[in-house]
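A.B. asks: Provided below: entry-v1.csv, containing CSV, C-alpha atoms.
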chain,number,residue,atom,x,y,z
A,194,ASP,CA,35.5,35.2,88.6
A,195,ASN,CA,37.2,38.0,86.5
A,196,VAL,CA,38.8,39.6,89.6
A,197,LEU,CA,40.1,36.3,90.9
A,198,HIS,CA,41.9,35.6,87.7
A,199,LEU,CA,43.3,39.1,87.6
A,200,VAL,CA,44.6,38.8,91.1
A,201,ARG,CA,46.2,35.5,90.4
A,202,GLN,CA,47.8,36.8,87.3
A,203,ALA,CA,49.2,39.9,89.1
A,204,GLY,CA,50.4,37.7,91.9
A,205,ASN,CA,52.4,35.5,89.6
A,206,THR,CA,53.9,38.4,87.6
A,207,ASP,CA,57.0,40.5,88.2
A,208,LEU,CA,55.4,44.0,88.5
A,209,ALA,CA,58.6,45.6,87.4
A,210,THR,CA,58.0,44.1,84.0
A,211,LEU,CA,54.6,45.9,83.6
A,212,ARG,CA,56.0,49.3,83.1
A,213,SER,CA,55.1,51.0,79.8
A,214,LYS,CA,55.4,54.5,78.5
A,215,ASP,CA,52.7,54.0,75.8
A,216,ASN,CA,49.0,53.0,75.7
A,217,ALA,CA,47.9,49.9,73.8
A,218,SER,CA,44.9,49.2,71.5
A,219,TYR,CA,43.4,45.8,71.9
A,220,VAL,CA,40.5,43.6,70.9
A,221,ASP,CA,39.8,40.0,71.7
A,222,LEU,CA,39.4,37.3,69.1
A,223,PHE,CA,36.5,34.9,69.8
A,224,GLY,CA,37.2,35.3,73.5
A,225,ARG,CA,40.4,33.3,73.3
A,226,HIS,CA,43.2,35.6,72.1
A,227,LEU,CA,43.9,39.2,72.8
A,228,LEU,CA,45.2,41.2,69.8
A,229,THR,CA,47.3,44.2,71.0
A,230,TRP,CA,49.4,46.9,69.3
A,231,PRO,CA,50.7,50.3,70.4
A,232,ALA,CA,47.9,52.9,70.2
A,233,ALA,CA,50.4,55.4,68.7
A,234,LEU,CA,50.1,53.3,65.4
A,235,ASN,CA,46.4,53.9,65.0
A,236,LEU,CA,46.4,57.3,63.4
A,237,PRO,CA,49.4,56.6,61.0
A,238,ALA,CA,47.9,53.3,60.0
A,239,ALA,CA,44.5,54.9,59.4
A,240,LEU,CA,46.0,57.7,57.3
A,241,ALA,CA,48.1,55.2,55.3
A,242,ALA,CA,45.0,53.0,54.7
A,243,LEU,CA,43.0,56.1,53.5
A,244,LEU,CA,45.8,57.0,51.0
A,245,LEU,CA,46.0,53.4,49.7
A,246,ILE,CA,42.3,53.2,49.2
A,247,ILE,CA,42.2,56.6,47.4
A,248,ALA,CA,45.1,55.4,45.2
A,249,ALA,CA,43.5,52.1,44.4
A,250,GLY,CA,40.1,53.8,43.8
A,251,ARG,CA,41.6,56.4,41.5
A,252,GLY,CA,43.5,53.8,39.5
A,253,SER,CA,40.3,51.9,38.9
A,254,GLY,CA,38.2,54.9,38.2
A,255,ALA,CA,35.9,54.3,41.1
A,256,LEU,CA,36.2,57.7,42.7
A,257,ARG,CA,34.4,59.7,40.1
A,258,PRO,CA,32.5,62.5,42.0
A,259,LYS,CA,29.0,61.7,40.7
A,260,ALA,CA,29.2,58.0,41.2
A,261,LEU,CA,30.9,58.4,44.6
A,262,VAL,CA,28.2,60.8,45.8
A,263,GLN,CA,25.4,58.4,44.6
A,264,SER,CA,27.1,55.5,46.4
A,265,LEU,CA,27.5,57.5,49.6
A,266,LEU,CA,23.9,58.5,49.6
A,267,LEU,CA,22.9,54.9,49.2
A,268,ILE,CA,25.1,54.0,52.2
A,269,LEU,CA,23.5,56.7,54.2
A,270,LEU,CA,20.1,55.3,53.3
A,271,LEU,CA,21.2,51.9,54.5
A,272,ILE,CA,22.2,53.3,57.9
A,273,VAL,CA,19.0,55.2,58.3
A,274,LEU,CA,16.9,52.1,57.4
A,275,HIS,CA,18.8,50.1,60.0
A,276,GLY,CA,17.8,52.6,62.7
A,277,LEU,CA,14.2,52.7,61.4
A,278,ALA,CA,13.9,48.9,61.3
A,279,GLY,CA,15.2,48.7,64.8
A,280,TRP,CA,12.8,51.3,66.0
A,281,LEU,CA,9.8,49.5,64.3
A,282,LEU,CA,10.9,46.1,65.8
A,283,SER,CA,11.2,47.7,69.2
A,284,TRP,CA,7.4,47.7,69.5
A,285,PRO,CA,6.8,44.0,69.2
A,286,LEU,CA,10.1,42.8,70.7
A,287,GLY,CA,10.1,45.4,73.5
A,288,ARG,CA,6.7,44.5,74.9
A,289,TRP,CA,8.5,43.6,78.2
A,290,PRO,CA,9.9,47.0,79.1
A,291,GLY,CA,11.1,45.9,82.5
A,292,ILE,CA,13.4,43.2,81.1
A,293,HIS,CA,17.0,43.9,80.3
A,294,ALA,CA,18.4,41.8,77.5
A,295,LEU,CA,20.8,40.1,79.9
A,296,ASP,CA,17.8,39.0,82.1
A,297,HIS,CA,15.5,38.0,79.2
A,298,ALA,CA,14.7,34.3,79.4
A,299,ASN,CA,14.2,34.0,75.6
A,300,PRO,CA,16.2,36.7,73.7
A,301,GLY,CA,17.1,34.4,70.8
A,302,PRO,CA,14.1,35.1,68.5
A,303,GLY,CA,14.4,38.8,69.0
A,304,ASN,CA,18.1,38.9,68.2
A,305,VAL,CA,17.6,36.7,65.1
A,306,ALA,CA,14.9,39.1,64.0
A,307,LEU,CA,17.2,42.1,64.2
A,308,PHE,CA,20.0,40.3,62.4
A,309,THR,CA,17.7,39.1,59.7
A,310,ALA,CA,16.3,42.6,59.2
A,311,SER,CA,19.9,43.8,58.7
A,312,VAL,CA,20.6,41.1,56.0
A,313,LEU,CA,17.3,41.8,54.3
A,314,LEU,CA,18.1,45.6,54.1
A,315,THR,CA,21.5,44.8,52.8
A,316,LEU,CA,20.0,42.7,49.9
A,317,LEU,CA,17.4,45.4,49.1
A,318,CYS,CA,20.1,48.1,49.1
A,319,ALA,CA,22.2,45.9,46.8
A,320,ALA,CA,19.2,45.4,44.4
A,321,LEU,CA,18.7,49.1,44.3
A,322,ALA,CA,22.4,49.8,43.7
A,323,ARG,CA,22.6,47.3,40.8
A,324,ARG,CA,20.3,49.6,38.8
A,325,ARG,CA,21.3,53.0,40.1
A,326,VAL,CA,25.0,53.3,40.8
A,327,ASP,CA,28.3,52.1,39.4
A,328,GLY,CA,29.4,48.9,41.0
A,329,ASN,CA,33.0,49.8,41.3
A,330,ALA,CA,32.2,53.1,43.0
A,331,PHE,CA,29.7,51.4,45.3
A,332,LEU,CA,32.5,49.0,46.4
A,333,PHE,CA,35.0,51.7,47.2
A,334,ALA,CA,32.6,54.2,48.8
A,335,PRO,CA,32.0,52.3,52.1
A,336,TRP,CA,35.7,51.6,52.5
A,337,THR,CA,36.4,55.3,52.0
A,338,VAL,CA,33.9,56.0,54.8
A,339,TYR,CA,35.6,53.3,56.9
A,340,ALA,CA,39.0,54.9,56.4
A,341,PHE,CA,37.7,58.4,57.4
A,342,LEU,CA,36.0,56.9,60.5
A,343,ALA,CA,39.3,55.1,61.4
A,344,CYS,CA,41.1,58.4,61.2
A,345,LEU,CA,38.5,60.2,63.3
A,346,LEU,CA,38.4,57.5,66.0
A,347,ALA,CA,42.2,57.2,66.1
A,348,TRP,CA,42.4,60.9,66.7
A,349,LEU,CA,39.4,61.4,69.1
A,350,LEU,CA,38.8,58.0,70.7
A,351,PRO,CA,41.9,55.7,70.2
A,352,GLY,CA,40.5,52.9,72.3
A,353,ALA,CA,37.7,52.4,69.8
A,354,ALA,CA,39.7,52.8,66.6
A,355,TYR,CA,40.0,49.0,66.1
A,356,MET,CA,36.4,48.8,65.0
A,357,THR,CA,37.0,50.4,61.6
A,358,LEU,CA,40.8,50.4,61.5
A,359,LEU,CA,41.4,46.6,61.3
A,360,PRO,CA,38.9,46.0,58.4
A,361,THR,CA,40.2,49.1,56.6
A,362,VAL,CA,43.8,48.0,56.7
A,363,VAL,CA,42.9,44.5,55.5
A,364,PHE,CA,41.0,46.0,52.5
A,365,ALA,CA,43.5,48.7,51.7
A,366,VAL,CA,46.5,46.4,51.6
A,367,GLY,CA,44.5,43.8,49.7
A,368,ALA,CA,43.2,46.3,47.2
A,369,VAL,CA,46.6,47.6,46.3
A,370,ALA,CA,48.1,44.1,46.1
A,371,GLU,CA,45.3,42.9,43.9
A,372,ARG,CA,45.6,46.0,41.7
A,373,LEU,CA,49.4,45.5,41.3
A,374,LEU,CA,49.5,41.7,41.0
A,375,ARG,CA,46.3,40.8,39.2
A,376,ARG,CA,45.5,44.1,37.4
A,377,ARG,CA,41.9,43.8,38.5
A,378,ALA,CA,39.7,46.9,38.2
A,379,VAL,CA,37.5,45.6,41.0
A,380,PRO,CA,39.3,44.2,44.1
A,381,LEU,CA,36.7,41.6,45.0
A,382,PHE,CA,39.1,39.4,46.9
A,383,ALA,CA,40.2,42.3,49.1
A,384,ALA,CA,36.6,43.3,49.6
A,385,TRP,CA,35.7,39.8,50.8
A,386,ALA,CA,38.7,39.7,53.2
A,387,GLY,CA,37.7,43.1,54.6
A,388,LEU,CA,34.1,42.0,54.9
A,389,GLY,CA,35.3,39.0,57.0
A,390,VAL,CA,36.9,41.4,59.6
A,391,ALA,CA,34.0,43.9,59.4
A,392,ALA,CA,31.4,41.2,59.9
A,393,TYR,CA,33.3,40.0,63.0
A,394,MET,CA,33.2,43.6,64.4
A,395,ALA,CA,29.5,44.0,63.6
A,396,VAL,CA,28.5,40.8,65.3
A,397,TYR,CA,30.9,41.4,68.2
A,398,HIS,CA,29.4,44.8,69.0
A,399,PHE,CA,25.8,43.6,68.2
A,400,ILE,CA,26.3,41.0,71.0
A,401,PHE,CA,28.0,43.7,73.2
A,402,MET,CA,24.9,45.9,73.0
A,403,ASP,CA,23.0,43.4,75.2
A,404,VAL,CA,25.1,44.9,78.1
A,405,LEU,CA,23.9,48.4,77.4
A,406,THR,CA,20.3,48.2,76.3
A,407,SER,CA,17.3,46.0,75.7
A,408,PHE,CA,14.7,45.4,73.0
A,409,VAL,CA,12.9,48.5,74.0
A,410,ALA,CA,15.7,50.4,72.2
A,411,ALA,CA,16.3,47.9,69.4
A,412,GLN,CA,17.4,50.7,67.1
A,413,LEU,CA,20.6,51.0,69.1
A,414,LYS,CA,21.1,47.2,68.8
A,415,THR,CA,20.8,47.4,65.0
A,416,LEU,CA,23.3,50.2,64.5
A,417,PRO,CA,26.5,48.0,65.0
A,418,LEU,CA,25.2,45.7,62.2
A,419,CYS,CA,25.8,48.6,59.8
A,420,LEU,CA,29.5,47.9,60.2
A,421,GLY,CA,29.0,44.7,58.2
A,422,ALA,CA,26.0,45.8,56.1
A,423,MET,CA,27.9,48.8,54.6
A,424,VAL,CA,30.6,46.7,53.1
A,425,ALA,CA,28.4,43.6,52.4
A,426,ALA,CA,25.9,45.5,50.2
A,427,PRO,CA,28.4,46.2,47.3
A,428,LEU,CA,29.4,42.5,47.2
A,429,ALA,CA,25.7,41.5,47.2
A,430,ALA,CA,25.1,43.9,44.4
A,431,PHE,CA,27.9,42.2,42.3
A,432,HIS,CA,26.3,38.9,43.0
A,433,CYS,CA,22.9,40.0,42.0
A,434,GLN,CA,24.2,41.5,38.9
A,435,ALA,CA,26.0,38.3,38.0
A,436,THR,CA,23.1,35.9,38.8
A,437,GLY,CA,20.0,38.1,38.9
A,438,ALA,CA,19.1,36.2,42.1
A,439,ALA,CA,17.7,38.7,44.7
A,440,ARG,CA,14.0,38.1,45.0
A,441,ARG,CA,14.0,34.6,46.4
A,442,PRO,CA,16.5,35.2,49.2
A,443,SER,CA,14.7,38.5,50.0
A,444,ALA,CA,11.4,36.7,50.2
A,445,LEU,CA,12.9,33.9,52.4
A,446,LEU,CA,14.4,36.5,54.7
A,447,ALA,CA,11.1,38.4,55.0
A,448,VAL,CA,9.4,35.1,56.1
A,449,VAL,CA,12.2,34.5,58.7
A,450,LEU,CA,11.9,38.1,59.9
A,451,ALA,CA,8.1,37.8,60.3
A,452,ALA,CA,8.4,34.4,62.1
A,453,THR,CA,11.1,35.5,64.5
A,454,THR,CA,9.4,38.8,65.3
A,455,VAL,CA,6.2,36.9,66.2
A,456,ALA,CA,8.2,34.4,68.3
A,457,GLY,CA,10.1,37.2,70.0
A,458,ALA,CA,6.9,39.1,70.8
A,459,THR,CA,5.1,36.1,72.2
A,460,ALA,CA,8.1,34.5,74.0
A,461,THR,CA,7.8,34.7,77.8
A,462,ALA,CA,10.4,37.0,79.3
A,463,TYR,CA,10.0,35.6,82.8
A,464,THR,CA,10.5,31.9,83.8
A,465,PRO,CA,11.0,30.2,87.2
A,466,ASP,CA,14.7,29.8,86.3
A,467,ARG,CA,15.1,33.3,84.9
A,468,PRO,CA,12.8,35.6,86.9
A,469,ARG,CA,12.8,39.3,86.6
A,470,SER,CA,15.7,40.9,88.4
A,471,VAL,CA,14.9,43.3,91.2
A,472,ASN,CA,17.4,45.5,93.1
A,473,VAL,CA,16.7,46.5,96.7
A,474,ALA,CA,19.1,48.9,98.4
A,475,TYR,CA,19.3,50.4,101.8
A,476,GLN,CA,20.7,53.8,101.4
A,477,GLN,CA,20.6,57.5,102.3
A,478,ILE,CA,18.5,59.3,99.7
A,479,GLN,CA,17.9,62.9,99.2
A,480,TYR,CA,14.3,63.0,97.8
A,481,SER,CA,12.9,65.8,95.8
A,482,GLY,CA,9.6,67.0,94.4
A,483,ALA,CA,6.6,65.7,96.3
A,484,ALA,CA,8.8,64.0,98.8
A,485,ALA,CA,10.3,67.3,99.9
A,486,ILE,CA,7.6,67.7,102.6
A,487,ASP,CA,8.0,64.2,103.8
A,488,ASP,CA,10.1,63.6,106.9
A,489,ARG,CA,11.7,60.6,105.1
A,490,GLN,CA,13.6,62.9,102.7
A,491,SER,CA,16.8,62.7,104.7
A,492,GLN,CA,16.5,59.2,106.4
A,493,ALA,CA,18.0,56.0,105.2
A,494,ALA,CA,15.5,53.7,103.7
A,495,TRP,CA,15.0,50.6,101.6
A,496,ARG,CA,14.7,51.6,97.9
A,497,LEU,CA,13.2,49.3,95.2
A,498,PHE,CA,14.6,50.1,91.8
A,499,THR,CA,14.5,48.0,88.6
A,500,TYR,CA,15.3,48.2,85.0
A,501,GLY,CA,12.2,49.8,83.3
A,502,PRO,CA,8.9,50.3,85.1
A,503,PRO,CA,8.9,49.2,88.8
A,504,ASP,CA,7.3,45.9,89.7
A,505,SER,CA,4.3,47.1,91.6
A,506,ASP,CA,3.2,43.5,92.6
A,507,TYR,CA,6.6,42.8,94.2
A,508,ALA,CA,6.5,46.2,95.9
A,509,ARG,CA,3.1,45.4,97.4
A,510,ARG,CA,4.1,41.9,98.6
A,511,ALA,CA,7.5,43.2,100.0
A,512,GLY,CA,5.8,45.9,102.1
A,513,PHE,CA,6.6,49.0,99.9
A,514,ALA,CA,3.4,50.8,100.6
A,515,GLY,CA,2.2,54.2,99.4
A,516,GLU,CA,3.1,56.2,96.3
A,517,GLN,CA,6.5,56.2,94.7
A,518,LEU,CA,8.9,58.9,95.8
A,519,THR,CA,11.1,60.8,93.4
A,520,PHE,CA,14.9,60.9,93.7
A,521,ARG,CA,17.7,62.1,91.5
A,522,ARG,CA,19.2,59.0,89.8
A,523,TRP,CA,23.0,59.3,89.5
A,524,GLY,CA,22.6,62.9,90.5
A,525,LEU,CA,21.3,63.7,87.0
A,526,ARG,CA,17.6,63.0,86.4
A,527,GLU,CA,14.5,62.6,88.4
A,528,SER,CA,13.4,59.0,88.8
A,529,PRO,CA,10.5,57.5,90.8
A,530,ALA,CA,10.9,54.5,93.1
A,531,TYR,CA,9.2,52.7,96.0
Please, can you express the file's structure as structure tokens?
C.D. replies:
Amino acid sequence: DNVLHLVRQAGNTDLATLRSKDNASYVDLFGRHLLTWPAALNLPAALAALLLIIAAGRGSGALRPKALVQSLLLILLLIVLHGLAGWLLSWPLGRWPGIHALDHANPGPGNVALFTASVLLTLLCAALARRRVDGNAFLFAPWTVYAFLACLLAWLLPGAAYMTLLPTVVFAVGAVAERLLRRRAVPLFAAWAGLGVAAYMAVYHFIFMDVLTSFVAAQLKTLPLCLGAMVAAPLAAFHCQATGAARRPSALLAVVLAATTVAGATATAYTPDRPRSVNVAYQQIQYSGAAAIDDRQSQAAWRLFTYGPPDSDYARRAGFAGEQLTFRRWGLRESPAY
């Protein structure tokens, strides 16, 4: 479907108009619009945003060394807890090791559990920050990290710079404007605007991780959520400080997390409409290890290979007899297959 649309578009386009001397950065918006700009603007925009954030932070007194270090340590704790939570949830949610997320018949409860865990950790971190760190410093700290990441990505990996560049630019411009126009010490409006873009990036890449991994490695699926949690925690801390309301939402999220984890662990991964995918290929394979003494080591043969452990029942029914042979997958690592 994608290739057909691409061919049609190319067939109806004057190819002479497609010449360009520069690379482009791009990201789609809700699958309907493609936002593009010259990649050469990434590094200057990231550096400018970093300088604006530093200027706004110094003007509001948010970049005092002690308070900034405390805030950065709390952000680091939040990132580590996301990885730990994903690793712990990988045990109940990844009980079907042979199912890729794109083939899972019921991935919804597991995804909700991971997202709920991220929101719960954000609230807990906000409650801790309310008592331990300066709120203004805690607000500027994650955006300073964002700006440094934007600079690093723009330099080393321009195609990925949009992840942190767009939220950083929105916050930086908003913070300076709010500082000049409203004389506010804490740029809350700018922080909310930046959070909107950061949350889009977090959910965007959380969904994208389904292409790369499954619930067996749930810790990898939770890491993109840090993009939103980092900048959401300071705003949640301000809300908790103003209302004192943190326990009830946290308790409710804990109940939702427990319920969705149980649902994800007990949900059937295979259904008649969504059976487990199996790949069968006829190819020339250079076997190694125990297969080296077998005369099949250089013959073309049917090979059964799946995501995760092989389906021994299908192998038996399809006529793949005997022990699995070892071959070098992608020419890199040893992998067994029938």
A.B. asks: Nearest to A:His293 among A:Ala241, A:Ala209, A:Met402, A:Ala456, with distances taken over all atoms listed in the file: which residue is it?
C.D. replies: A:Met402
A.B. asks: From the list A:Ala306, A:Ile292, A:Val369, A:Ala330, which residue is nearest A:Pro502 when using all atoms listed in the file?
C.D. replies: A:Ile292
A.B. asks: Do a neighbour search on A:Gln517 at 10 Å with all atoms listed in the file, toss out local chain neighbours closer than 4 positions, and write the hits as an MDAnalysis selection string.
C.D. replies: chainID A and resid 483:484 496:497 503 505 513 528:531
A.B. asks: Which neighbours of A:Ala242 fall inside 12 Å, counting all atoms listed in the file, when residues of the same chain fewer than 5 positions from it are skipped, and could you give them as a ChimeraX atom specification?
C.D. replies: /A:234-237,247-250,336-344,357-369
A.B. asks: Nearest to A:Arg251 among A:Arg324, A:His198, A:Arg372, A:Arg212, with distances taken over only C-alpha atoms: which residue is it?
C.D. replies: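 Of A:Arg324, A:His198, A:Arg372, A:Arg212, the one nearest A:Arg251, counting only C-alpha atoms, is A:Arg372.
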A.B. asks: Could you pull the residues within 12 Å of A:Leu445, counting all atoms listed in the file, minus those fewer than 4 positions along the same chain, as a list of chain:residue names?
C.D. replies: A:Thr309, A:Ala310, A:Val312, A:Leu313, A:Leu316, A:Ala439, A:Arg440, A:Arg441, A:Val449, A:Leu450, A:Ala451, A:Ala452
A.B. asks: Any chance you could tabulate, as JSON lines, the residues of stretch 256-298 of chain A at most 12 Å from stretch 415-419 of chain A with each one's nearest atom pair and distance in Å to one decimal, using all atoms listed in the file, in chain and rising number order?
C.D. replies:
{"residue": "A:Ile268", "atom": "CA", "partner": "A:Cys419", "partner_atom": "CA", "distance": 9.3}
{"residue": "A:Leu269", "atom": "CA", "partner": "A:Cys419", "partner_atom": "CA", "distance": 10.1}
{"residue": "A:Leu270", "atom": "CA", "partner": "A:Cys419", "partner_atom": "CA", "distance": 10.9}
{"residue": "A:Leu271", "atom": "CA", "partner": "A:Cys419", "partner_atom": "CA", "distance": 7.8}
{"residue": "A:Ile272", "atom": "CA", "partner": "A:Cys419", "partner_atom": "CA", "distance": 6.2}
{"residue": "A:Val273", "atom": "CA", "partner": "A:Leu416", "partner_atom": "CA", "distance": 9.1}
{"residue": "A:Leu274", "atom": "CA", "partner": "A:Leu416", "partner_atom": "CA", "distance": 9.7}
{"residue": "A:His275", "atom": "CA", "partner": "A:Thr415", "partner_atom": "CA", "distance": 6.0}
{"residue": "A:Gly276", "atom": "CA", "partner": "A:Leu416", "partner_atom": "CA", "distance": 6.3}
{"residue": "A:Leu277", "atom": "CA", "partner": "A:Thr415", "partner_atom": "CA", "distance": 9.2}
{"residue": "A:Ala278", "atom": "CA", "partner": "A:Thr415", "partner_atom": "CA", "distance": 8.0}
{"residue": "A:Gly279", "atom": "CA", "partner": "A:Thr415", "partner_atom": "CA", "distance": 5.8}
{"residue": "A:Trp280", "atom": "CA", "partner": "A:Thr415", "partner_atom": "CA", "distance": 9.0}
{"residue": "A:Leu281", "atom": "CA", "partner": "A:Thr415", "partner_atom": "CA", "distance": 11.2}
{"residue": "A:Leu282", "atom": "CA", "partner": "A:Thr415", "partner_atom": "CA", "distance": 10.0}
{"residue": "A:Ser283", "atom": "CA", "partner": "A:Thr415", "partner_atom": "CA", "distance": 10.5}
A.B. asks: So which one's closest to A:Gly303, A:Ser407, A:Asn472, A:Asn195, A:Thr229? Using all atoms listed in the file, please.
C.D. replies: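 Distance minimum relative to A:Gly303 lands on A:Ser407.
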A.B. asks: Have a look at atom CA of A:His432 and atom CA of A:Ala370 and let me know their distance in Å, one decimal.
C.D. replies: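 Separating atom CA of A:His432 from atom CA of A:Ala370 is a distance of 22.6 Å.
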A.B. asks: Separation of atom CA of A:Gly287 and atom CA of A:Gly421, in Å?
C.D. replies: 24.3 Å
A.B. asks: Within 12 Å of (16.8, 38.0, 88.8) in the file's own coordinates, which protein, DNA or RNA residues have an atom, counting only C-alpha atoms? List them as a tab-separated table (two decimals) with C-alpha atoms, in the frame of the given file.
C.D. replies:
chain	number	residue	atom	x	y	z
A	291	GLY	CA	11.10	45.90	82.50
A	292	ILE	CA	13.40	43.20	81.10
A	293	HIS	CA	17.00	43.90	80.30
A	295	LEU	CA	20.80	40.10	79.90
A	296	ASP	CA	17.80	39.00	82.10
A	297	HIS	CA	15.50	38.00	79.20
A	298	ALA	CA	14.70	34.30	79.40
A	462	ALA	CA	10.40	37.00	79.30
A	463	TYR	CA	10.00	35.60	82.80
A	464	THR	CA	10.50	31.90	83.80
A	465	PRO	CA	11.00	30.20	87.20
A	466	ASP	CA	14.70	29.80	86.30
A	467	ARG	CA	15.10	33.30	84.90
A	468	PRO	CA	12.80	35.60	86.90
A	469	ARG	CA	12.80	39.30	86.60
A	470	SER	CA	15.70	40.90	88.40
A	471	VAL	CA	14.90	43.30	91.20
A	472	ASN	CA	17.40	45.50	93.10
A	473	VAL	CA	16.70	46.50	96.70
A	499	THR	CA	14.50	48.00	88.60
A	500	TYR	CA	15.30	48.20	85.00
A.B. asks: Identify which of the residues A:Gly204, A:Pro300, A:Gly328, A:Gly352 lies closest to A:Gly254, counting all atoms listed in the file when measuring atom-to-atom distances.
C.D. replies: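 Of all the options, A:Gly328 lies closest to A:Gly254.
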A.B. asks: At a cut-off of 10 Å around the point (29.6, 46.3, 49.5) (file coordinates), what residues fall inside when counting all atoms listed in the file? I'd like the answer as a list in words.
C.D. replies: Ile268, Thr315, Cys318, Ala319, Ala322, Gly328, Asn329, Ala330, Phe331, Leu332, Phe333, Ala334, Pro335, Trp336, Leu381, Ala384, Trp385, Leu388, Gly421, Ala422, Met423, Val424, Ala425, Ala426, Pro427, Leu428, Ala429, Ala430 and Phe431 of chain A
A.B. asks: Kindly indicate which residue among A:Ala474, A:Leu222, A:Ala203, A:Ala294 lies nearest to A:Thr406, using only C-alpha atoms for the distances.
C.D. replies: A:Ala294
A.B. asks: Report, in Å with one decimal, the straight-line distance from atom CA of A:Leu413 to atom CA of A:Leu307.
C.D. replies: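 These two atoms are separated by 10.7 Å.
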